[in-house]
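Asks: One structure follows; several queries about it will come next.
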Amino acid sequence: MPLRIACAETGGTFWTQGEALKNVLDRDAALAPVTLVAAPGASVETAEALAAGSVELGFMAANWVPRAVRGEAPFKAPVDLRVVAPMNAGPLFFIARAGSSIRTVADLRGKRVVFGPEKSGMTQHARLILGVLQIEATPIHLDFAAGGLALERGDVDAQLQCPIPNRVMTELSERAAIRVLPYAAGQLDRLLAAVPYYRAAVMRKGALRGLDADVAQAGVLNQLVAHARLPDAIVQRGARAIGAAAHELAALNPLFAGLDTLLRERPS
């Protein structure tokens, strides 16, 4: 059956992963043709689209899946989801202009920080991270591209960005001198201990222009999910295709690096 995959905003992390996934799934006549569908509200909008039947699959951050299943706010009713496969576990990271006085995440106190669209998973992450660390900042609700432009212009002080490679972040780092913010001593350990679905991740040296050293960050597991109404045979074919193409997917998009390891992990 034709598959529609919700992939958050066009050009973002989930969208570029969706492009690679489409290449793999389109080879199976039982799954083709695959169509990518923008869901600017990211995980929340994706779960709502799955509930409405307007897509068959979607990318969601792992922290949103149980909330959707339980029908917790902002969801108005439970959404019967199943996890098809893990997609990646990439670092979330705050950025600031390289010339600013903001040197670490601790320096975000009192600053104007782009969290992401108001109902997005990125905004939830920003609130959670800063909340655990007891850092009060002024939230600005813009998508990745608009937020990057606002940072470049100096209209905001910092932005929470999603795992790279993502086109918006790469292009921003080429246009402007950007600093990836490390955590102050003890903050990252505190965050990882407080949030069970975060894991240690690293922004690798050279991944962006101006990133001249590895920077430890918190990473979140992202998953491909379906509504329970999607036939078991389709879910199984999709999962098998992803497993068989794990190394190819990593070659198509570095965000899939380590997918083979994630596929071997026991579900939590």
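Ordering of the structure tokens sets the chain letters (A, B, ...); residue numbers start at 1 within each chain; ligands are numbered from 1 in the order shown.
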Find the residues near Ala176 in chain A: any atom within 12 Å, counting only C-alpha atoms, skip ones fewer than 3 places away on the same chain, and give them as a PDB file with N, CA and C atoms, in the first residue's frame.
Replies:
ATOM      1  N   ILE A  95      22.949  26.909  20.398  1.00  0.00           N
ATOM      2  CA  ILE A  95      23.959  27.691  19.693  1.00  0.00           C
ATOM      3  C   ILE A  95      23.777  29.167  20.020  1.00  0.00           C
ATOM      4  N   ALA A  96      24.872  29.900  19.896  1.00  0.00           N
ATOM      5  CA  ALA A  96      24.861  31.358  20.043  1.00  0.00           C
ATOM      6  C   ALA A  96      25.845  31.916  19.031  1.00  0.00           C
ATOM      7  N   ARG A  97      25.791  33.218  18.800  1.00  0.00           N
ATOM      8  CA  ARG A  97      26.781  33.839  17.918  1.00  0.00           C
ATOM      9  C   ARG A  97      28.156  33.749  18.577  1.00  0.00           C
ATOM     10  N   ALA A  98      29.158  33.474  17.771  1.00  0.00           N
ATOM     11  CA  ALA A  98      30.504  33.261  18.315  1.00  0.00           C
ATOM     12  C   ALA A  98      31.044  34.488  19.037  1.00  0.00           C
ATOM     13  N   GLY A  99      30.591  35.664  18.643  1.00  0.00           N
ATOM     14  CA  GLY A  99      31.082  36.885  19.277  1.00  0.00           C
ATOM     15  C   GLY A  99      30.321  37.300  20.520  1.00  0.00           C
ATOM     16  N   GLY A 148      17.078  30.551  13.060  1.00  0.00           N
ATOM     17  CA  GLY A 148      18.462  30.767  12.657  1.00  0.00           C
ATOM     18  C   GLY A 148      18.683  32.159  12.096  1.00  0.00           C
ATOM     19  N   LEU A 149      17.732  32.626  11.292  1.00  0.00           N
ATOM     20  CA  LEU A 149      17.836  33.980  10.743  1.00  0.00           C
ATOM     21  C   LEU A 149      17.764  35.028  11.845  1.00  0.00           C
ATOM     22  N   ALA A 150      16.887  34.798  12.829  1.00  0.00           N
ATOM     23  CA  ALA A 150      16.774  35.737  13.948  1.00  0.00           C
ATOM     24  C   ALA A 150      18.061  35.785  14.749  1.00  0.00           C
ATOM     25  N   LEU A 151      18.696  34.638  14.930  1.00  0.00           N
ATOM     26  CA  LEU A 151      19.975  34.603  15.639  1.00  0.00           C
ATOM     27  C   LEU A 151      21.048  35.336  14.844  1.00  0.00           C
ATOM     28  N   GLU A 152      21.075  35.093  13.550  1.00  0.00           N
ATOM     29  CA  GLU A 152      22.054  35.735  12.685  1.00  0.00           C
ATOM     30  C   GLU A 152      21.906  37.255  12.727  1.00  0.00           C
ATOM     31  N   ARG A 153      20.679  37.754  12.770  1.00  0.00           N
ATOM     32  CA  ARG A 153      20.423  39.198  12.797  1.00  0.00           C
ATOM     33  C   ARG A 153      20.667  39.805  14.171  1.00  0.00           C
ATOM     34  N   GLY A 154      20.727  38.976  15.184  1.00  0.00           N
ATOM     35  CA  GLY A 154      20.874  39.494  16.539  1.00  0.00           C
ATOM     36  C   GLY A 154      19.547  39.786  17.217  1.00  0.00           C
ATOM     37  N   MET A 169      21.019  24.231   9.830  1.00  0.00           N
ATOM     38  CA  MET A 169      22.174  24.479  10.700  1.00  0.00           C
ATOM     39  C   MET A 169      23.454  24.596   9.892  1.00  0.00           C
ATOM     40  N   THR A 170      23.641  23.733   8.911  1.00  0.00           N
ATOM     41  CA  THR A 170      24.844  23.783   8.088  1.00  0.00           C
ATOM     42  C   THR A 170      24.940  25.108   7.341  1.00  0.00           C
ATOM     43  N   GLU A 171      23.833  25.538   6.739  1.00  0.00           N
ATOM     44  CA  GLU A 171      23.835  26.801   5.998  1.00  0.00           C
ATOM     45  C   GLU A 171      24.048  27.985   6.925  1.00  0.00           C
ATOM     46  N   LEU A 172      23.460  27.933   8.120  1.00  0.00           N
ATOM     47  CA  LEU A 172      23.647  29.008   9.089  1.00  0.00           C
ATOM     48  C   LEU A 172      25.112  29.121   9.493  1.00  0.00           C
ATOM     49  N   SER A 173      25.761  27.981   9.731  1.00  0.00           N
ATOM     50  CA  SER A 173      27.167  28.025  10.151  1.00  0.00           C
ATOM     51  C   SER A 173      28.075  28.521   9.044  1.00  0.00           C
ATOM     52  N   ARG A 179      28.625  29.517  17.718  1.00  0.00           N
ATOM     53  CA  ARG A 179      29.251  28.719  18.786  1.00  0.00           C
ATOM     54  C   ARG A 179      28.266  27.670  19.273  1.00  0.00           C
ATOM     55  N   LEU A 208      30.573  21.075  11.885  1.00  0.00           N
ATOM     56  CA  LEU A 208      30.100  22.373  11.428  1.00  0.00           C
ATOM     57  C   LEU A 208      31.277  23.315  11.320  1.00  0.00           C
ATOM     58  N   ARG A 209      31.169  24.307  10.491  1.00  0.00           N
ATOM     59  CA  ARG A 209      32.225  25.311  10.411  1.00  0.00           C
ATOM     60  C   ARG A 209      32.376  25.984  11.774  1.00  0.00           C
ATOM     61  N   GLY A 210      33.593  26.034  12.260  1.00  0.00           N
ATOM     62  CA  GLY A 210      33.862  26.663  13.539  1.00  0.00           C
ATOM     63  C   GLY A 210      33.802  25.723  14.731  1.00  0.00           C
TER      64      GLY A 210
END
Asks: Could you list, as a count of residues only, every residue within 6 Å of Gly219 in chain A, counting only C-alpha atoms and ignoring same-chain residues fewer than 5 positions away?
Replies: 8
Asks: Find, counting only C-alpha atoms, the residue in A:Leu81, A:Met203, A:Val220, A:Ala244 that gets nearest to Asn63 in chain A.
Replies: A:Val220
Asks: Any chance you could list, as a PyMOL selection string, the residues in range 45-164 of chain A that come up alpha helix (DSSP H) when DSSP is run on the backbone?
Replies: chain A and resi 45-52+64-70+121-132+144-153
Asks: Write out, as an mmCIF file, in the first residue's frame, the residues just selected, with N, CA and C atoms.
Replies:
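Writing the result to again-v9.cif gives the following:
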data_model
loop_
_atom_site.group_PDB
_atom_site.id
_atom_site.type_symbol
_atom_site.label_atom_id
_atom_site.label_comp_id
_atom_site.auth_asym_id
_atom_site.auth_seq_id
_atom_site.Cartn_x
_atom_site.Cartn_y
_atom_site.Cartn_z
ATOM 1 N N GLU A 45 2.270 17.016 16.009
ATOM 2 C CA GLU A 45 1.472 17.032 14.785
ATOM 3 C C GLU A 45 1.508 15.673 14.101
ATOM 4 N N THR A 46 2.644 14.995 14.178
ATOM 5 C CA THR A 46 2.763 13.663 13.578
ATOM 6 C C THR A 46 1.807 12.683 14.241
ATOM 7 N N ALA A 47 1.767 12.669 15.570
ATOM 8 C CA ALA A 47 0.850 11.772 16.277
ATOM 9 C C ALA A 47 -0.602 12.086 15.917
ATOM 10 N N GLU A 48 -0.935 13.351 15.811
ATOM 11 C CA GLU A 48 -2.296 13.740 15.450
ATOM 12 C C GLU A 48 -2.634 13.307 14.023
ATOM 13 N N ALA A 49 -1.649 13.406 13.111
ATOM 14 C CA ALA A 49 -1.869 12.976 11.732
ATOM 15 C C ALA A 49 -2.061 11.460 11.658
ATOM 16 N N LEU A 50 -1.300 10.725 12.465
ATOM 17 C CA LEU A 50 -1.466 9.272 12.515
ATOM 18 C C LEU A 50 -2.853 8.913 13.048
ATOM 19 N N ALA A 51 -3.306 9.625 14.068
ATOM 20 C CA ALA A 51 -4.630 9.363 14.630
ATOM 21 C C ALA A 51 -5.727 9.647 13.602
ATOM 22 N N ALA A 52 -5.514 10.703 12.807
ATOM 23 C CA ALA A 52 -6.517 11.093 11.812
ATOM 24 C C ALA A 52 -6.478 10.222 10.561
ATOM 25 N N TRP A 64 7.789 11.678 23.225
ATOM 26 C CA TRP A 64 6.400 12.009 22.915
ATOM 27 C C TRP A 64 5.526 10.766 22.756
ATOM 28 N N VAL A 65 6.119 9.629 22.417
ATOM 29 C CA VAL A 65 5.307 8.446 22.105
ATOM 30 C C VAL A 65 4.462 7.996 23.298
ATOM 31 N N PRO A 66 5.043 7.790 24.498
ATOM 32 C CA PRO A 66 4.189 7.359 25.607
ATOM 33 C C PRO A 66 3.149 8.398 26.016
ATOM 34 N N ARG A 67 3.467 9.677 25.859
ATOM 35 C CA ARG A 67 2.484 10.709 26.188
ATOM 36 C C ARG A 67 1.295 10.635 25.237
ATOM 37 N N ALA A 68 1.584 10.389 23.949
ATOM 38 C CA ALA A 68 0.489 10.248 22.981
ATOM 39 C C ALA A 68 -0.355 9.018 23.292
ATOM 40 N N VAL A 69 0.310 7.913 23.618
ATOM 41 C CA VAL A 69 -0.411 6.665 23.914
ATOM 42 C C VAL A 69 -1.316 6.833 25.132
ATOM 43 N N ARG A 70 -0.841 7.599 26.138
ATOM 44 C CA ARG A 70 -1.644 7.811 27.347
ATOM 45 C C ARG A 70 -2.650 8.939 27.195
ATOM 46 N N GLY A 121 8.196 19.289 19.590
ATOM 47 C CA GLY A 121 9.044 18.547 20.500
ATOM 48 C C GLY A 121 10.259 19.341 20.925
ATOM 49 N N MET A 122 10.770 20.203 20.041
ATOM 50 C CA MET A 122 11.939 20.998 20.392
ATOM 51 C C MET A 122 11.628 21.941 21.553
ATOM 52 N N THR A 123 10.439 22.522 21.550
ATOM 53 C CA THR A 123 10.063 23.399 22.663
ATOM 54 C C THR A 123 9.968 22.604 23.951
ATOM 55 N N GLN A 124 9.438 21.382 23.873
ATOM 56 C CA GLN A 124 9.388 20.550 25.071
ATOM 57 C C GLN A 124 10.800 20.268 25.580
ATOM 58 N N HIS A 125 11.710 19.953 24.658
ATOM 59 C CA HIS A 125 13.096 19.688 25.070
ATOM 60 C C HIS A 125 13.722 20.927 25.716
ATOM 61 N N ALA A 126 13.527 22.079 25.094
ATOM 62 C CA ALA A 126 14.118 23.303 25.644
ATOM 63 C C ALA A 126 13.598 23.574 27.049
ATOM 64 N N ARG A 127 12.283 23.453 27.234
ATOM 65 C CA ARG A 127 11.710 23.688 28.553
ATOM 66 C C ARG A 127 12.226 22.674 29.570
ATOM 67 N N LEU A 128 12.332 21.427 29.145
ATOM 68 C CA LEU A 128 12.785 20.375 30.048
ATOM 69 C C LEU A 128 14.245 20.584 30.447
ATOM 70 N N ILE A 129 15.105 20.810 29.455
ATOM 71 C CA ILE A 129 16.530 20.977 29.740
ATOM 72 C C ILE A 129 16.770 22.167 30.666
ATOM 73 N N LEU A 130 16.203 23.299 30.310
ATOM 74 C CA LEU A 130 16.433 24.489 31.120
ATOM 75 C C LEU A 130 15.731 24.379 32.474
ATOM 76 N N GLY A 131 14.607 23.671 32.501
ATOM 77 C CA GLY A 131 13.910 23.478 33.764
ATOM 78 C C GLY A 131 14.713 22.639 34.735
ATOM 79 N N VAL A 132 15.267 21.522 34.252
ATOM 80 C CA VAL A 132 16.098 20.668 35.107
ATOM 81 C C VAL A 132 17.279 21.456 35.661
ATOM 82 N N PHE A 144 13.132 26.214 12.819
ATOM 83 C CA PHE A 144 14.595 26.213 12.719
ATOM 84 C C PHE A 144 15.122 27.312 11.813
ATOM 85 N N ALA A 145 14.525 27.437 10.606
ATOM 86 C CA ALA A 145 15.027 28.404 9.630
ATOM 87 C C ALA A 145 14.823 29.832 10.118
ATOM 88 N N ALA A 146 13.602 30.154 10.561
ATOM 89 C CA ALA A 146 13.324 31.506 11.041
ATOM 90 C C ALA A 146 14.129 31.824 12.293
ATOM 91 N N GLY A 147 14.293 30.826 13.154
ATOM 92 C CA GLY A 147 15.079 31.034 14.359
ATOM 93 C C GLY A 147 16.546 31.290 14.048
ATOM 94 N N GLY A 148 17.078 30.551 13.060
ATOM 95 C CA GLY A 148 18.462 30.767 12.657
ATOM 96 C C GLY A 148 18.683 32.159 12.096
ATOM 97 N N LEU A 149 17.732 32.626 11.292
ATOM 98 C CA LEU A 149 17.836 33.980 10.743
ATOM 99 C C LEU A 149 17.764 35.028 11.845
ATOM 100 N N ALA A 150 16.887 34.798 12.829
ATOM 101 C CA ALA A 150 16.774 35.737 13.948
ATOM 102 C C ALA A 150 18.061 35.785 14.749
ATOM 103 N N LEU A 151 18.696 34.638 14.930
ATOM 104 C CA LEU A 151 19.975 34.603 15.639
ATOM 105 C C LEU A 151 21.048 35.336 14.844
ATOM 106 N N GLU A 152 21.075 35.093 13.550
ATOM 107 C CA GLU A 152 22.054 35.735 12.685
ATOM 108 C C GLU A 152 21.906 37.255 12.727
ATOM 109 N N ARG A 153 20.679 37.754 12.770
ATOM 110 C CA ARG A 153 20.423 39.198 12.797
ATOM 111 C C ARG A 153 20.667 39.805 14.171
#
Asks: Give me, as JSON lines, each residue of range 15-51 of chain A that comes within 12 Å of range 106-116 of chain A, together with its shortest interatomic pair and the distance in Å at one decimal, counting only C-alpha atoms, with rows ordered by chain and rising residue number.
Replies:
{"residue": "A:Pro40", "atom": "CA", "partner": "A:Gly116", "partner_atom": "CA", "distance": 10.0}
{"residue": "A:Gly41", "atom": "CA", "partner": "A:Gly116", "partner_atom": "CA", "distance": 9.2}
{"residue": "A:Ala42", "atom": "CA", "partner": "A:Gly116", "partner_atom": "CA", "distance": 9.9}
Asks: Between CA of Leu249 in chain A and CA of Lys205 in chain A, what is the distance, to one decimal in Å?
Replies: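 Between CA of Leu249 in chain A and CA of Lys205 in chain A the gap works out to 22.5 Å.
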Asks: Between A:Gln161, A:Ala61, A:Ser43, A:Arg237, which has the minimum distance to Arg27 in chain A (counting only C-alpha atoms)?
Replies: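 Among the listed residues, A:Arg237 lies closest to Arg27 in chain A.
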Asks: Mind checking which residues fall within 9 Å of Val24 in chain A, counting only C-alpha atoms, ignoring those fewer than 6 positions away in the same chain, and posting them as a list in words?
Replies: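 Final neighbour list, sorted by chain and number: Ala241, Ile242, Ala245, Glu248 and Leu249 of chain A.
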Asks: Excluding range 18-21 of chain A and residues on its chain fewer than 4 positions from it, collect all residues at most 9 Å away from it, counting only C-alpha atoms, and give them as a ChimeraX atom specification.
Replies: /A:5-7,13-14,25-26,34,36,59,242,249-250,252-253
